Amino acid sequence: MTDFSAARDAMVESQIRTSDVTDLGILAAFRSTQRENFVPTARKALSYSDRHVETDEGRILLAPRDLAKMIHAADVQSTDVVLDLACGRGYSTAILAQLAETVVGLETTEAAVSRSTELLIEADISNAAVVQGDLKSGAAEHGPFNVIFVGAAISAVHEPWFKQMANGGRLVCITQNGPVGRVSVFTKSGDAIGERVVFDTSAPYLPGFEPKAEFVF
């Protein structure tokens, strides 16, 4: 039987700390959140591997190193309101909730909302809620957001997301149009959006966010 507690400690020490994520709050959140509870039973053995794990059709749990570095780049503050787009089973929501004031997870189906809500309750997360909606439209009624987090690859950022950012807000995502993508932090200052590239990685595309096919004649 897998010792998940030992595996969790090993994940933090060998995958996250060694990737220059040394923020004590982030490390504590990863150490205390039972990652194995947010993946299907058949894939629990992969919970703490250094790879992306598919949790449901079209949803993944980002590799610990990538997820931690993205959250670190987002610079989440204790007063922040965060939007977790395509939150899947809610693992990233649980991590973000331990750093922010409030987290809104967004999913597309009633079943996904119900499942992630139950898992967050089981994880004793009380400052996060998962709502149903269209991912490309965001969740304007719950914003503005200090941080918007996208935990899968997308070909481009959608304009409604920028409009839902608070002044000084950060949007963290993996933009990818080939085999290798890049994690960027988009920052809003007034009406201007700036971009800072943090690191290169690759991940499966979020369904509906793939690059448009190009036809060659």
# chains A, B, ... in the order shown; residues from 1 in each chain; ligands from 1
>>> residues_around(residues="Ser184 (chain A)", least_positions_apart="6", cutoff="7 Å", atoms="only C-alpha atoms", output="PDB file with N, CA and C atoms, in the first residue's frame")
ATOM      1  N   VAL A 172      -2.532  33.860 -14.872  1.00  0.00           N
ATOM      2  CA  VAL A 172      -1.438  32.909 -15.067  1.00  0.00           C
ATOM      3  C   VAL A 172      -1.954  31.736 -15.888  1.00  0.00           C
ATOM      4  N   CYS A 173      -1.261  31.432 -16.976  1.00  0.00           N
ATOM      5  CA  CYS A 173      -1.717  30.354 -17.845  1.00  0.00           C
ATOM      6  C   CYS A 173      -0.548  29.801 -18.660  1.00  0.00           C
ATOM      7  N   ILE A 174      -0.805  28.657 -19.320  1.00  0.00           N
ATOM      8  CA  ILE A 174       0.144  28.059 -20.252  1.00  0.00           C
ATOM      9  C   ILE A 174      -0.376  28.331 -21.656  1.00  0.00           C
ATOM     10  N   GLU A 195       2.749  41.374 -20.170  1.00  0.00           N
ATOM     11  CA  GLU A 195       3.014  39.941 -20.107  1.00  0.00           C
ATOM     12  C   GLU A 195       4.452  39.682 -19.677  1.00  0.00           C
ATOM     13  N   ARG A 196       4.617  38.719 -18.762  1.00  0.00           N
ATOM     14  CA  ARG A 196       5.944  38.275 -18.332  1.00  0.00           C
ATOM     15  C   ARG A 196       6.011  36.764 -18.479  1.00  0.00           C
ATOM     16  N   VAL A 197       6.961  36.278 -19.256  1.00  0.00           N
ATOM     17  CA  VAL A 197       7.129  34.834 -19.435  1.00  0.00           C
ATOM     18  C   VAL A 197       7.944  34.293 -18.266  1.00  0.00           C
ATOM     19  N   VAL A 198       7.445  33.227 -17.648  1.00  0.00           N
ATOM     20  CA  VAL A 198       8.073  32.692 -16.438  1.00  0.00           C
ATOM     21  C   VAL A 198       8.926  31.465 -16.728  1.00  0.00           C
TER      22      VAL A 198
END
>>> select_by_dssp(residues="chain A", states="helix (DSSP H, G or I)", output="VMD selection string")
chain A and resid 4 to 19 24 to 32 35 to 38 41 to 46 64 to 74 91 to 97 110 to 122 140 to 142 159 to 163
>>> atom_distance(atom1="CA of Ala156 (chain A)", atom2="CA of Lys212 (chain A)")
10.3 Å
>>> residues_around(residues="Thr201 (chain A)", least_positions_apart="3", cutoff="6 Å", atoms="only C-alpha atoms", output="list in words")
Val180, Gly181 and Arg182 of chain A
>>> closest_residue(among="A:Val12, A:Leu206, A:Ala152, A:Ala111", to="Leu61 (chain A)", atoms="only C-alpha atoms")
A:Ala152
>>> residues_around(residues="Asp75 (chain A)", least_positions_apart="5", cutoff="10 Å", atoms="only C-alpha atoms", output="list in words")
Asp23, Met70, Asp80, Leu99, Ala100, Asn146, Val147, Gly169, Arg170 and Val185 of chain A
>>> write_last_selection(atoms="C-alpha atoms", output="JSON list (two decimals), in the first residue's frame")
[["chain", "number", "residue", "atom", "x", "y", "z"],
["A", 23, "ASP", "CA", 7.44, 30.28, -0.28],
["A", 70, "MET", "CA", 2.54, 28.82, -11.62],
["A", 80, "ASP", "CA", -7.07, 38.17, -3.05],
["A", 99, "LEU", "CA", -3.32, 31.34, 0.12],
["A", 100, "ALA", "CA", -6.19, 33.65, -0.86],
["A", 146, "ASN", "CA", -7.03, 39.64, -8.32],
["A", 147, "VAL", "CA", -5.81, 36.36, -9.80],
["A", 169, "GLY", "CA", -4.59, 41.63, -11.16],
["A", 170, "ARG", "CA", -2.60, 38.68, -12.53],
["A", 185, "VAL", "CA", 1.80, 36.10, -16.08]]
>>> residues_around(residues="Gln15 (chain A)", least_positions_apart="5", cutoff="8 Å", atoms="only C-alpha atoms", output="PyMOL selection string")
chain A and resi 10+50+64-65
>>> residues_around(residues="region 1-5 of chain A", least_positions_apart="5", cutoff="9 Å", atoms="only C-alpha atoms", output="PyMOL selection string")
chain A and resi 10+31+34-36+45+47-48
>>> write_last_selection(atoms="C-alpha atoms", output="mmCIF file, in the first residue's frame")
data_model
loop_
_atom_site.group_PDB
_atom_site.id
_atom_site.type_symbol
_atom_site.label_atom_id
_atom_site.label_comp_id
_atom_site.auth_asym_id
_atom_site.auth_seq_id
_atom_site.Cartn_x
_atom_site.Cartn_y
_atom_site.Cartn_z
ATOM 1 C CA ALA A 10 8.866 13.685 -1.106
ATOM 2 C CA ARG A 31 2.165 19.438 2.106
ATOM 3 C CA GLN A 34 -4.106 15.165 0.020
ATOM 4 C CA ARG A 35 -3.535 15.155 -3.723
ATOM 5 C CA GLU A 36 -4.513 11.497 -3.999
ATOM 6 C CA ALA A 45 -0.627 5.568 -7.620
ATOM 7 C CA SER A 47 -0.826 11.165 -7.632
ATOM 8 C CA TYR A 48 2.668 12.278 -6.645
#
>>> residues_around(residues="region 86-94 of chain A", least_positions_apart="5", cutoff="6 Å", atoms="only C-alpha atoms", output="PyMOL selection string")
chain A and resi 38+59+105-107+116
>>> atom_distance(atom1="CA of Thr117 (chain A)", atom2="CA of Arg8 (chain A)")
22.6 Å
>>> atom_distance(atom1="CA of Val130 (chain A)", atom2="CA of Asp200 (chain A)")
29.1 Å
>>> closest_residue(among="A:Thr79, A:Ser137, A:Thr33, A:Thr109", to="Pro160 (chain A)", atoms="only C-alpha atoms")
A:Ser137
>>> closest_residue(among="A:His158, A:Asp66, A:Gln176, A:Arg115", to="Pro40 (chain A)", atoms="only C-alpha atoms")
A:Arg115
>>> decode(residues="region 41-138 of chain A", atoms="C-alpha atoms", output="mmCIF file, in the first residue's frame")
data_model
loop_
_atom_site.group_PDB
_atom_site.id
_atom_site.type_symbol
_atom_site.label_atom_id
_atom_site.label_comp_id
_atom_site.auth_asym_id
_atom_site.auth_seq_id
_atom_site.Cartn_x
_atom_site.Cartn_y
_atom_site.Cartn_z
ATOM 1 C CA THR A 41 -9.081 5.545 -7.826
ATOM 2 C CA ALA A 42 -7.378 3.842 -10.769
ATOM 3 C CA ARG A 43 -4.769 6.609 -10.955
ATOM 4 C CA LYS A 44 -4.058 7.189 -7.262
ATOM 5 C CA ALA A 45 -0.627 5.568 -7.620
ATOM 6 C CA LEU A 46 0.294 8.410 -10.002
ATOM 7 C CA SER A 47 -0.826 11.165 -7.632
ATOM 8 C CA TYR A 48 2.668 12.278 -6.645
ATOM 9 C CA SER A 49 4.517 11.489 -9.863
ATOM 10 C CA ASP A 50 6.254 14.302 -11.728
ATOM 11 C CA ARG A 51 3.735 14.220 -14.563
ATOM 12 C CA HIS A 52 0.311 15.544 -15.486
ATOM 13 C CA VAL A 53 -2.458 13.164 -14.432
ATOM 14 C CA GLU A 54 -5.754 12.933 -16.286
ATOM 15 C CA THR A 55 -8.600 13.155 -13.792
ATOM 16 C CA ASP A 56 -11.602 13.236 -16.116
ATOM 17 C CA GLU A 57 -12.183 13.636 -19.830
ATOM 18 C CA GLY A 58 -10.649 16.974 -20.785
ATOM 19 C CA ARG A 59 -9.274 17.677 -17.309
ATOM 20 C CA ILE A 60 -5.823 17.138 -15.832
ATOM 21 C CA LEU A 61 -4.005 17.593 -12.580
ATOM 22 C CA LEU A 62 -0.879 19.548 -13.488
ATOM 23 C CA ALA A 63 2.465 18.073 -12.478
ATOM 24 C CA PRO A 64 3.393 19.326 -8.988
ATOM 25 C CA ARG A 65 6.400 21.286 -10.227
ATOM 26 C CA ASP A 66 4.398 23.167 -12.870
ATOM 27 C CA LEU A 67 1.436 23.845 -10.615
ATOM 28 C CA ALA A 68 3.614 25.118 -7.778
ATOM 29 C CA LYS A 69 5.685 27.364 -10.033
ATOM 30 C CA MET A 70 2.541 28.816 -11.618
ATOM 31 C CA ILE A 71 0.974 29.536 -8.244
ATOM 32 C CA HIS A 72 4.227 31.069 -7.045
ATOM 33 C CA ALA A 73 4.293 33.310 -10.136
ATOM 34 C CA ALA A 74 0.731 34.432 -9.419
ATOM 35 C CA ASP A 75 1.895 35.981 -6.121
ATOM 36 C CA VAL A 76 -1.389 35.163 -4.385
ATOM 37 C CA GLN A 77 -2.075 37.392 -1.377
ATOM 38 C CA SER A 78 -4.287 36.679 1.640
ATOM 39 C CA THR A 79 -6.728 39.409 0.552
ATOM 40 C CA ASP A 80 -7.067 38.171 -3.051
ATOM 41 C CA VAL A 81 -10.155 36.906 -4.833
ATOM 42 C CA VAL A 82 -9.118 34.149 -7.257
ATOM 43 C CA LEU A 83 -10.837 32.563 -10.257
ATOM 44 C CA ASP A 84 -9.730 28.980 -10.950
ATOM 45 C CA LEU A 85 -10.834 28.256 -14.530
ATOM 46 C CA ALA A 86 -11.587 24.618 -15.401
ATOM 47 C CA CYS A 87 -10.805 23.591 -11.851
ATOM 48 C CA GLY A 88 -11.552 19.918 -12.485
ATOM 49 C CA ARG A 89 -11.869 18.006 -9.214
ATOM 50 C CA GLY A 90 -10.709 21.021 -7.216
ATOM 51 C CA TYR A 91 -7.115 20.295 -6.224
ATOM 52 C CA SER A 92 -5.760 23.602 -7.510
ATOM 53 C CA THR A 93 -8.747 25.331 -5.898
ATOM 54 C CA ALA A 94 -7.852 23.748 -2.548
ATOM 55 C CA ILE A 95 -4.239 24.919 -2.826
ATOM 56 C CA LEU A 96 -5.194 28.444 -3.879
ATOM 57 C CA ALA A 97 -7.794 28.709 -1.111
ATOM 58 C CA GLN A 98 -5.093 28.277 1.510
ATOM 59 C CA LEU A 99 -3.318 31.344 0.122
ATOM 60 C CA ALA A 100 -6.190 33.650 -0.859
ATOM 61 C CA GLU A 101 -9.236 35.169 0.812
ATOM 62 C CA THR A 102 -11.743 33.597 -1.592
ATOM 63 C CA VAL A 103 -11.531 31.246 -4.567
ATOM 64 C CA VAL A 104 -14.184 30.717 -7.223
ATOM 65 C CA GLY A 105 -13.764 27.517 -9.230
ATOM 66 C CA LEU A 106 -15.435 27.412 -12.631
ATOM 67 C CA GLU A 107 -16.603 24.222 -14.321
ATOM 68 C CA THR A 108 -18.878 23.469 -17.238
ATOM 69 C CA THR A 109 -21.171 20.714 -15.971
ATOM 70 C CA GLU A 110 -23.368 20.186 -12.958
ATOM 71 C CA ALA A 111 -21.673 16.852 -12.281
ATOM 72 C CA ALA A 112 -18.215 18.446 -12.199
ATOM 73 C CA VAL A 113 -19.417 21.209 -9.888
ATOM 74 C CA SER A 114 -21.001 18.702 -7.531
ATOM 75 C CA ARG A 115 -17.949 16.414 -7.420
ATOM 76 C CA SER A 116 -15.421 19.196 -6.820
ATOM 77 C CA THR A 117 -17.652 20.785 -4.176
ATOM 78 C CA GLU A 118 -17.832 17.504 -2.274
ATOM 79 C CA LEU A 119 -14.057 17.025 -2.443
ATOM 80 C CA LEU A 120 -13.406 20.556 -1.199
ATOM 81 C CA ILE A 121 -15.756 19.987 1.733
ATOM 82 C CA GLU A 122 -13.928 16.752 2.543
ATOM 83 C CA ALA A 123 -10.648 18.701 2.423
ATOM 84 C CA ASP A 124 -12.085 21.188 4.934
ATOM 85 C CA ILE A 125 -11.855 24.101 2.499
ATOM 86 C CA SER A 126 -14.482 26.678 3.512
ATOM 87 C CA ASN A 127 -13.459 29.766 1.516
ATOM 88 C CA ALA A 128 -13.960 28.342 -1.977
ATOM 89 C CA ALA A 129 -17.026 27.711 -4.114
ATOM 90 C CA VAL A 130 -17.344 26.016 -7.500
ATOM 91 C CA VAL A 131 -19.866 27.396 -9.970
ATOM 92 C CA GLN A 132 -21.092 26.292 -13.374
ATOM 93 C CA GLY A 133 -20.545 28.378 -16.475
ATOM 94 C CA ASP A 134 -18.867 28.844 -19.836
ATOM 95 C CA LEU A 135 -15.087 28.866 -19.502
ATOM 96 C CA LYS A 136 -14.503 31.372 -22.293
ATOM 97 C CA SER A 137 -16.949 33.800 -20.680
ATOM 98 C CA GLY A 138 -15.397 33.535 -17.233
#
